[in-house]
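Have a look at protein09.cif; it's mmCIF, C-alpha atoms and all ligand atoms:
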data_structure
#
loop_
_atom_site.group_PDB
_atom_site.id
_atom_site.type_symbol
_atom_site.label_atom_id
_atom_site.label_comp_id
_atom_site.auth_asym_id
_atom_site.auth_seq_id
_atom_site.Cartn_x
_atom_site.Cartn_y
_atom_site.Cartn_z
ATOM 1 C CA MET R 1 97.332 126.060 99.593
ATOM 2 C CA SER R 2 96.387 122.413 99.432
ATOM 3 C CA PHE R 3 98.331 119.853 97.433
ATOM 4 C CA CYS R 4 97.281 116.213 97.434
ATOM 5 C CA VAL R 5 99.521 113.251 96.668
ATOM 6 C CA ALA R 6 97.417 110.083 96.231
ATOM 7 C CA ILE R 7 99.257 106.768 96.560
ATOM 8 C CA ASP R 8 97.416 103.513 95.871
ATOM 9 C CA GLY R 9 98.459 99.930 95.369
ATOM 10 C CA PRO R 10 98.214 96.388 96.739
ATOM 11 C CA ALA R 11 99.373 95.324 100.212
ATOM 12 C CA ALA R 12 103.085 95.613 101.065
ATOM 13 C CA ALA R 13 104.096 97.236 97.771
ATOM 14 C CA GLY R 14 105.964 99.994 99.614
ATOM 15 C CA LYS R 15 103.201 102.647 99.561
ATOM 16 C CA GLY R 16 103.445 103.500 103.232
ATOM 17 C CA THR R 17 107.227 103.834 103.292
ATOM 18 C CA ILE R 18 107.210 105.999 100.174
ATOM 19 C CA ALA R 19 104.314 108.084 101.507
ATOM 20 C CA ARG R 20 106.057 108.793 104.812
ATOM 21 C CA ALA R 21 109.373 109.690 103.154
ATOM 22 C CA VAL R 22 107.700 111.988 100.637
ATOM 23 C CA ALA R 23 105.602 113.669 103.344
ATOM 24 C CA ASP R 24 108.760 114.247 105.420
ATOM 25 C CA HIS R 25 110.608 115.641 102.419
ATOM 26 C CA PHE R 26 107.954 118.240 101.565
ATOM 27 C CA GLY R 27 106.601 118.843 105.061
ATOM 28 C CA PHE R 28 103.195 117.446 104.038
ATOM 29 C CA ALA R 29 100.864 115.660 106.448
ATOM 30 C CA HIS R 30 100.526 111.901 105.926
ATOM 31 C CA MET R 31 97.578 109.560 106.410
ATOM 32 C CA ASP R 32 97.832 105.783 106.155
ATOM 33 C CA THR R 33 94.164 105.174 105.297
ATOM 34 C CA GLY R 34 94.557 101.404 105.757
ATOM 35 C CA LEU R 35 94.669 102.129 109.495
ATOM 36 C CA LEU R 36 91.074 103.399 109.373
ATOM 37 C CA TYR R 37 89.906 100.060 107.977
ATOM 38 C CA ARG R 38 92.187 98.065 110.254
ATOM 39 C CA ALA R 39 90.873 99.917 113.327
ATOM 40 C CA THR R 40 87.292 99.403 112.111
ATOM 41 C CA GLY R 41 87.936 95.683 111.560
ATOM 42 C CA VAL R 42 89.518 95.244 114.987
ATOM 43 C CA LYS R 43 86.575 97.039 116.657
ATOM 44 C CA THR R 44 84.182 94.429 115.203
ATOM 45 C CA PHE R 45 86.015 91.786 117.290
ATOM 46 C CA GLN R 46 84.384 93.474 120.309
ATOM 47 C CA GLY R 47 80.908 92.837 118.915
ATOM 48 C CA LEU R 48 80.194 96.084 117.068
ATOM 49 C CA SER R 49 78.767 95.903 113.549
ATOM 50 C CA PRO R 50 81.191 97.136 110.849
ATOM 51 C CA LEU R 51 79.145 100.320 110.345
ATOM 52 C CA GLU R 52 78.943 101.066 114.088
ATOM 53 C CA ALA R 53 82.677 100.462 114.339
ATOM 54 C CA ALA R 54 83.415 102.884 111.476
ATOM 55 C CA GLN R 55 81.051 105.540 112.824
ATOM 56 C CA ASN R 56 82.585 105.350 116.278
ATOM 57 C CA LEU R 57 86.265 105.448 115.356
ATOM 58 C CA ARG R 58 88.293 107.539 117.799
ATOM 59 C CA ALA R 59 91.851 108.828 117.577
ATOM 60 C CA GLU R 60 92.932 106.273 120.197
ATOM 61 C CA ASP R 61 91.578 103.411 118.037
ATOM 62 C CA LEU R 62 94.172 104.358 115.414
ATOM 63 C CA LYS R 63 97.000 104.004 117.929
ATOM 64 C CA ARG R 64 96.330 100.410 118.997
ATOM 65 C CA ASN R 65 99.327 98.078 118.859
ATOM 66 C CA ASP R 66 97.446 95.231 117.210
ATOM 67 C CA LEU R 67 96.509 97.031 113.969
ATOM 68 C CA ARG R 68 99.444 95.690 111.925
ATOM 69 C CA THR R 69 98.769 92.002 112.470
ATOM 70 C CA GLY R 70 97.660 89.624 109.724
ATOM 71 C CA ASP R 71 94.282 89.162 111.451
ATOM 72 C CA ALA R 72 93.686 92.918 111.509
ATOM 73 C CA GLY R 73 94.543 93.104 107.795
ATOM 74 C CA GLN R 74 92.029 90.408 106.946
ATOM 75 C CA ALA R 75 89.340 91.998 109.139
ATOM 76 C CA ALA R 76 90.081 95.361 107.469
ATOM 77 C CA SER R 77 89.658 93.916 104.009
ATOM 78 C CA ARG R 78 86.291 92.373 104.968
ATOM 79 C CA VAL R 79 84.792 95.543 106.465
ATOM 80 C CA ALA R 80 86.282 97.596 103.593
ATOM 81 C CA ALA R 81 84.074 95.714 101.121
ATOM 82 C CA GLU R 82 80.947 97.193 102.758
ATOM 83 C CA PRO R 83 79.833 100.384 100.947
ATOM 84 C CA GLU R 84 78.331 101.988 104.073
ATOM 85 C CA VAL R 85 81.596 101.512 105.980
ATOM 86 C CA ARG R 86 83.508 103.245 103.164
ATOM 87 C CA ALA R 87 80.913 106.023 103.034
ATOM 88 C CA ALA R 88 81.294 106.634 106.780
ATOM 89 C CA LEU R 89 85.038 107.243 106.334
ATOM 90 C CA VAL R 90 84.996 109.469 103.221
ATOM 91 C CA ASP R 91 84.539 112.952 104.759
ATOM 92 C CA PHE R 92 87.392 112.532 107.212
ATOM 93 C CA GLN R 93 89.785 111.475 104.433
ATOM 94 C CA GLN R 94 88.657 114.188 102.010
ATOM 95 C CA ALA R 95 89.068 116.925 104.597
ATOM 96 C CA PHE R 96 92.565 115.630 105.323
ATOM 97 C CA ALA R 97 93.419 115.510 101.608
ATOM 98 C CA ARG R 98 92.568 119.191 101.189
ATOM 99 C CA ARG R 99 94.149 120.540 104.368
ATOM 100 C CA GLU R 100 96.436 123.533 104.108
ATOM 101 C CA GLY R 101 100.081 122.760 103.537
ATOM 102 C CA GLY R 102 99.776 119.555 101.538
ATOM 103 C CA ALA R 103 98.847 115.957 102.244
ATOM 104 C CA VAL R 104 99.938 112.488 101.219
ATOM 105 C CA LEU R 105 97.353 109.714 101.565
ATOM 106 C CA ASP R 106 98.047 106.063 100.862
ATOM 107 C CA GLY R 107 95.459 103.361 100.383
ATOM 108 C CA ARG R 108 93.455 101.626 97.663
ATOM 109 C CA ASP R 109 90.992 104.251 96.400
ATOM 110 C CA ILE R 110 92.697 107.584 97.026
ATOM 111 C CA GLY R 111 93.253 108.541 93.381
ATOM 112 C CA THR R 112 89.939 107.074 92.235
ATOM 113 C CA VAL R 113 87.437 108.040 94.972
ATOM 114 C CA ILE R 114 88.856 110.086 97.847
ATOM 115 C CA CYS R 115 90.900 112.588 95.859
ATOM 116 C CA PRO R 116 90.162 112.157 92.127
ATOM 117 C CA ASP R 117 91.584 115.634 91.497
ATOM 118 C CA ALA R 118 94.866 114.954 93.326
ATOM 119 C CA GLU R 119 97.806 116.912 91.938
ATOM 120 C CA VAL R 120 99.919 113.743 91.877
ATOM 121 C CA LYS R 121 98.620 110.155 91.651
ATOM 122 C CA LEU R 122 100.777 107.091 91.999
ATOM 123 C CA PHE R 123 100.036 103.402 91.737
ATOM 124 C CA VAL R 124 102.770 101.472 93.524
ATOM 125 C CA THR R 125 103.154 97.755 92.821
ATOM 126 C CA ALA R 126 105.660 94.906 93.188
ATOM 127 C CA THR R 127 105.483 91.193 92.428
ATOM 128 C CA ASP R 128 103.541 88.988 94.860
ATOM 129 C CA GLU R 129 106.765 87.274 95.941
ATOM 130 C CA VAL R 130 108.629 90.492 96.701
ATOM 131 C CA ARG R 131 105.656 91.903 98.606
ATOM 132 C CA ALA R 132 105.299 88.690 100.640
ATOM 133 C CA GLN R 133 109.000 88.689 101.515
ATOM 134 C CA ARG R 134 108.820 92.284 102.735
ATOM 135 C CA ARG R 135 105.691 91.731 104.799
ATOM 136 C CA HIS R 136 107.068 88.467 106.180
ATOM 137 C CA ALA R 137 110.251 90.197 107.382
ATOM 138 C CA GLU R 138 108.144 92.984 108.933
ATOM 139 C CA LEU R 139 105.817 90.585 110.792
ATOM 140 C CA ARG R 140 108.698 88.360 111.962
ATOM 141 C CA GLY R 141 110.483 91.474 113.160
ATOM 142 C CA LYS R 142 107.487 92.124 115.403
ATOM 143 C CA GLY R 143 107.576 88.588 116.733
ATOM 144 C CA GLU R 144 104.611 87.180 114.776
ATOM 145 C CA ARG R 145 105.112 83.481 114.059
ATOM 146 C CA VAL R 146 104.104 83.134 110.449
ATOM 147 C CA THR R 147 105.579 81.408 107.378
ATOM 148 C CA LEU R 148 106.374 83.066 104.058
ATOM 149 C CA GLU R 149 103.753 80.849 102.402
ATOM 150 C CA GLN R 150 101.068 82.001 104.851
ATOM 151 C CA VAL R 151 101.954 85.638 104.208
ATOM 152 C CA LEU R 152 101.849 85.137 100.426
ATOM 153 C CA GLU R 153 98.466 83.422 100.658
ATOM 154 C CA ASP R 154 97.144 86.150 102.955
ATOM 155 C CA LEU R 155 98.268 88.955 100.611
ATOM 156 C CA ARG R 156 96.797 87.236 97.551
ATOM 157 C CA GLU R 157 93.491 86.640 99.309
ATOM 158 C CA ARG R 158 93.299 90.257 100.468
ATOM 159 C CA ASP R 159 94.283 91.676 97.046
ATOM 160 C CA ALA R 160 91.708 89.465 95.314
ATOM 161 C CA ARG R 161 88.968 90.661 97.683
ATOM 162 C CA ASP R 162 90.076 94.310 97.422
ATOM 163 C CA SER R 163 90.173 94.157 93.604
ATOM 164 C CA ALA R 164 86.886 92.300 93.151
ATOM 165 C CA ARG R 165 84.641 94.361 95.453
ATOM 166 C CA ALA R 166 81.922 96.461 93.832
ATOM 167 C CA THR R 167 82.609 99.692 95.734
ATOM 168 C CA ALA R 168 85.940 101.511 95.324
ATOM 169 C CA PRO R 169 87.946 98.441 94.261
ATOM 170 C CA LEU R 170 91.735 98.482 94.261
ATOM 171 C CA ALA R 171 92.554 99.986 90.865
ATOM 172 C CA ALA R 172 94.955 102.446 89.325
ATOM 173 C CA ALA R 173 93.391 105.788 88.367
ATOM 174 C CA LYS R 174 93.672 106.407 84.613
ATOM 175 C CA ASP R 175 96.084 109.263 85.214
ATOM 176 C CA ALA R 176 98.208 107.526 87.880
ATOM 177 C CA VAL R 177 101.938 107.074 87.392
ATOM 178 C CA LEU R 178 102.875 103.403 87.813
ATOM 179 C CA ILE R 179 105.834 102.622 90.053
ATOM 180 C CA ASP R 180 107.021 99.015 90.270
ATOM 181 C CA THR R 181 109.224 98.626 93.344
ATOM 182 C CA SER R 182 110.129 94.941 92.751
ATOM 183 C CA GLU R 183 113.669 95.757 91.714
ATOM 184 C CA MET R 184 113.991 99.223 93.176
ATOM 185 C CA SER R 185 115.296 100.311 96.548
ATOM 186 C CA ILE R 186 113.047 102.513 98.630
ATOM 187 C CA ASP R 187 115.511 105.374 98.170
ATOM 188 C CA GLU R 188 115.242 105.069 94.387
ATOM 189 C CA ALA R 189 111.454 104.989 94.525
ATOM 190 C CA VAL R 190 111.341 108.018 96.828
ATOM 191 C CA ALA R 191 113.741 109.957 94.577
ATOM 192 C CA GLN R 192 111.516 109.226 91.590
ATOM 193 C CA VAL R 193 108.399 110.403 93.416
ATOM 194 C CA VAL R 194 110.078 113.528 94.789
ATOM 195 C CA ALA R 195 111.134 114.499 91.241
ATOM 196 C CA LEU R 196 107.595 113.948 89.997
ATOM 197 C CA ILE R 197 106.120 116.165 92.719
ATOM 198 C CA GLU R 198 108.732 118.885 92.176
ATOM 199 C CA ALA R 199 107.726 118.953 88.520
ATOM 200 C CA ARG R 200 104.057 119.558 89.361
ATOM 201 C CA ARG R 201 104.356 122.016 92.209
HETATM 202 O O1 LIG M 1 97.010 99.225 103.485
HETATM 203 P P1 LIG M 1 96.599 98.178 104.476
HETATM 204 O O2 LIG M 1 97.186 96.834 104.158
HETATM 205 O O3 LIG M 1 96.856 98.583 105.878
HETATM 206 O O4 LIG M 1 95.018 98.076 104.313
HETATM 207 C C1 LIG M 1 94.265 97.084 104.994
HETATM 208 C C2 LIG M 1 92.981 96.831 104.209
HETATM 209 O O5 LIG M 1 92.167 98.002 104.265
HETATM 210 C C3 LIG M 1 93.171 96.569 102.718
HETATM 211 O O6 LIG M 1 93.366 95.193 102.440
HETATM 212 C C4 LIG M 1 91.875 97.096 102.114
HETATM 213 O O7 LIG M 1 90.860 96.129 102.147
HETATM 214 C C5 LIG M 1 91.457 98.194 103.063
HETATM 215 N N1 LIG M 1 91.699 99.539 102.514
HETATM 216 C C6 LIG M 1 90.785 100.044 101.619
HETATM 217 N N2 LIG M 1 90.904 101.319 101.159
HETATM 218 C C7 LIG M 1 91.932 102.080 101.535
HETATM 219 C C8 LIG M 1 92.910 101.572 102.428
HETATM 220 C C9 LIG M 1 92.773 100.272 102.884
HETATM 221 O O8 LIG M 1 89.844 99.358 101.238
HETATM 222 N N3 LIG M 1 92.011 103.337 101.086
#

Just give me the structure of the file as structure tokens.
Amino acid sequence: MSFCVAIDGPAAAGKGTIARAVADHFGFAHMDTGLLYRATGVKTFQGLSPLEAAQNLRAEDLKRNDLRTGDAGQAASRVAAEPEVRAALVDFQQAFARREGGAVLDGRDIGTVICPDAEVKLFVTATDEVRAQRRHAELRGKGERVTLEQVLEDLRERDARDSARATAPLAAAKDAVLIDTSEMSIDEAVAQVVALIEARR
């Protein structure tokens, strides 16, 4: 049986952490769909067009160490605004969403475009300041030299571009449950999501 949990929201809201914990809890497979766009964006640095980069994505492209940098995030957000790039990545994500045994996907358009009939849809948010602090700590932890102000500006720029684009913009599905993690620990958020999934299984 398939069971799809769709988790959307802006950058650094806690989607990925919640998605991984929930997938572990239920034994579902997890896909961080942002990595597809990050890997596509990074491939364009080598001279490929965004569409060529998306069409030629390989498993090893998703394992590169430089995908979590600020530059990769910005490149991802630029290629993600191109409809043909998104179209090239749809089948892979939809097949994953409907695999046997359950799947959790996190991204920007999972509940709206990739899996509109997902059994559970979540829209995870937090204030800009909280998201910037979390991302800043994460990047500093990896040795990236970046200020909190730069991270905040970067997130706001990316969210604005992701929300304003014509194709599959960042938006909550009408039937998504909103989870604001600004004043919640990850454990609390995960417990809330686990209870929600239990109720619909
Ligand atoms: O989630 P993450 O920050 O890794 O995503 C990087 C970028 O990829 C986002 O800013 C967004 O432009 C794009 N993205 C998207 N649709 C998704 C996942 C990510 O457009 N489902």

Nearest to R:Val22, chosen from R:Ala6, R:Arg86, R:Ile110, R:Glu144, with all atoms listed in the file counted in the distances: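 Using all atoms listed in the file, the shortest distance to R:Val22 belongs to R:Ala6.
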
Translate the PyMOL selection byres (((chain R and resi 87) around 12) and not hetatm), as applied to the file shown, into an explicit residue set as a list in words. Tyr37, Pro50, Leu51, Ala54, Gln55, Val79, Ala80, Ala81, Glu82, Pro83, Glu84, Val85, Arg86, Ala88, Leu89, Val90, Asp91, Phe92, Gln93, Gln94, Val113, Ile114, Thr167 and Ala168 of chain R

What does the structure give for the distance between atom CA of R:Leu196 and atom CA of R:Cys4, in Å to one decimal?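 Interatomic distance here is 12.9 Å.
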
Once the PyMOL selection byres (((chain R and resi 125) around 10) and not hetatm) has been applied to the shown file, what residues remain in the selection, as a VMD selection string? chain R and resid 8 to 15 122 to 124 126 to 128 130 to 131 178 to 182

Residues in the PyMOL selection byres (((chain R and resi 20) around 12) and not hetatm), expressed as an MDAnalysis selection string: chainID R and resid 5 7 14:19 21:32 103:106 186 190 193:194

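Going from atom CA of R:Glu138 over to atom C1 of ligand LIG 1 (chain M), you cover 15.0 Å.
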
Around (90.5, 104.1, 94.5) in the file's own coordinates, what residues are found within 9 Å if you use only C-alpha atoms, given back as a list of chain:residue names?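 I get R:Asp8, R:Gly107, R:Arg108, R:Asp109, R:Ile110, R:Gly111, R:Thr112, R:Val113, R:Ile114, R:Cys115, R:Pro116, R:Ala168, R:Pro169, R:Leu170, R:Ala171, R:Ala172, R:Ala173 for the residues within 9 Å of that point.
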
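The shortest atom-to-atom distance to ligand LIG 1 (chain M), with only C-alpha atoms and all ligand atoms taken into account, belongs to R:Leu155 out of R:Leu155, R:Leu48, R:Ala97, R:Leu148.
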
Do you have the atom CA of R:Val146-atom CA of R:Leu57 distance handy?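 If I compute the distance from atom CA of R:Val146 to atom CA of R:Leu57, I get 29.0 Å.
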
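Comparing the minimum interatomic distances between ligand LIG 1 (chain M) and each of R:Arg99, R:Arg140, R:Arg201, R:Arg135, counting all atoms listed in the file, we find that R:Arg135 sits nearest.
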
Which centre and edge lengths in Å to one decimal define the box along x, y and z that fits every listed atom of ligand LIG 1 (chain M) plus 8 Å per side, as AutoDock Vina command-line options?
--center_x 93.5 --center_y 99.3 --center_z 103.5 --size_x 23.3 --size_y 24.1 --size_z 20.8

Nearest to R:Thr147, chosen from R:Glu100, R:Arg165, R:Gly47, R:Gly70, with only C-alpha atoms counted in the distances: R:Gly70

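The residue that comes closest to ligand LIG 1 (chain M), out of R:Ala59, R:Ala95, R:Met1, R:Ala160 and on the basis of only C-alpha atoms and all ligand atoms, is R:Ala160.
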
Just need stretch 4-43 of chain R in a file, please: C-alpha atoms, as a PDB file, in the first residue's frame.
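So the final result, stored in out.pdb, reads:
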ATOM      1  CA  CYS R   4       2.061   9.820   0.970  1.00  0.00           C
ATOM      2  CA  VAL R   5       2.968  12.508   3.486  1.00  0.00           C
ATOM      3  CA  ALA R   6       3.500  15.856   1.706  1.00  0.00           C
ATOM      4  CA  ILE R   7       5.464  18.497   3.618  1.00  0.00           C
ATOM      5  CA  ASP R   8       5.851  21.986   2.154  1.00  0.00           C
ATOM      6  CA  GLY R   9       7.039  25.303   3.482  1.00  0.00           C
ATOM      7  CA  PRO R  10       9.666  28.036   3.149  1.00  0.00           C
ATOM      8  CA  ALA R  11      13.415  27.502   3.595  1.00  0.00           C
ATOM      9  CA  ALA R  12      14.707  26.397   7.015  1.00  0.00           C
ATOM     10  CA  ALA R  13      11.269  26.052   8.616  1.00  0.00           C
ATOM     11  CA  GLY R  14      12.123  22.566   9.886  1.00  0.00           C
ATOM     12  CA  LYS R  15      10.516  20.549   7.053  1.00  0.00           C
ATOM     13  CA  GLY R  16      13.504  18.318   6.456  1.00  0.00           C
ATOM     14  CA  THR R  17      14.079  17.468  10.112  1.00  0.00           C
ATOM     15  CA  ILE R  18      10.398  16.703  10.642  1.00  0.00           C
ATOM     16  CA  ALA R  19      10.243  14.685   7.414  1.00  0.00           C
ATOM     17  CA  ARG R  20      13.221  12.520   8.364  1.00  0.00           C
ATOM     18  CA  ALA R  21      11.945  11.887  11.903  1.00  0.00           C
ATOM     19  CA  VAL R  22       8.462  10.995  10.681  1.00  0.00           C
ATOM     20  CA  ALA R  23       9.841   8.705   7.960  1.00  0.00           C
ATOM     21  CA  ASP R  24      12.017   6.939  10.562  1.00  0.00           C
ATOM     22  CA  HIS R  25       9.079   6.575  12.928  1.00  0.00           C
ATOM     23  CA  PHE R  26       6.795   4.902  10.377  1.00  0.00           C
ATOM     24  CA  GLY R  27       9.449   3.185   8.274  1.00  0.00           C
ATOM     25  CA  PHE R  28       8.509   5.325   5.251  1.00  0.00           C
ATOM     26  CA  ALA R  29      10.993   6.342   2.562  1.00  0.00           C
ATOM     27  CA  HIS R  30      11.995  10.018   2.557  1.00  0.00           C
ATOM     28  CA  MET R  31      12.869  12.372  -0.290  1.00  0.00           C
ATOM     29  CA  ASP R  32      14.222  15.879   0.227  1.00  0.00           C
ATOM     30  CA  THR R  33      13.064  17.273  -3.132  1.00  0.00           C
ATOM     31  CA  GLY R  34      15.078  20.477  -2.634  1.00  0.00           C
ATOM     32  CA  LEU R  35      18.155  18.354  -3.367  1.00  0.00           C
ATOM     33  CA  LEU R  36      16.904  17.740  -6.918  1.00  0.00           C
ATOM     34  CA  TYR R  37      16.808  21.485  -7.570  1.00  0.00           C
ATOM     35  CA  ARG R  38      20.058  22.109  -5.721  1.00  0.00           C
ATOM     36  CA  ALA R  39      21.832  19.412  -7.765  1.00  0.00           C
ATOM     37  CA  THR R  40      20.329  20.846 -10.968  1.00  0.00           C
ATOM     38  CA  GLY R  41      21.460  24.362 -10.011  1.00  0.00           C
ATOM     39  CA  VAL R  42      24.987  23.218  -9.179  1.00  0.00           C
ATOM     40  CA  LYS R  43      25.243  21.341 -12.508  1.00  0.00           C
TER      41      LYS R  43
END
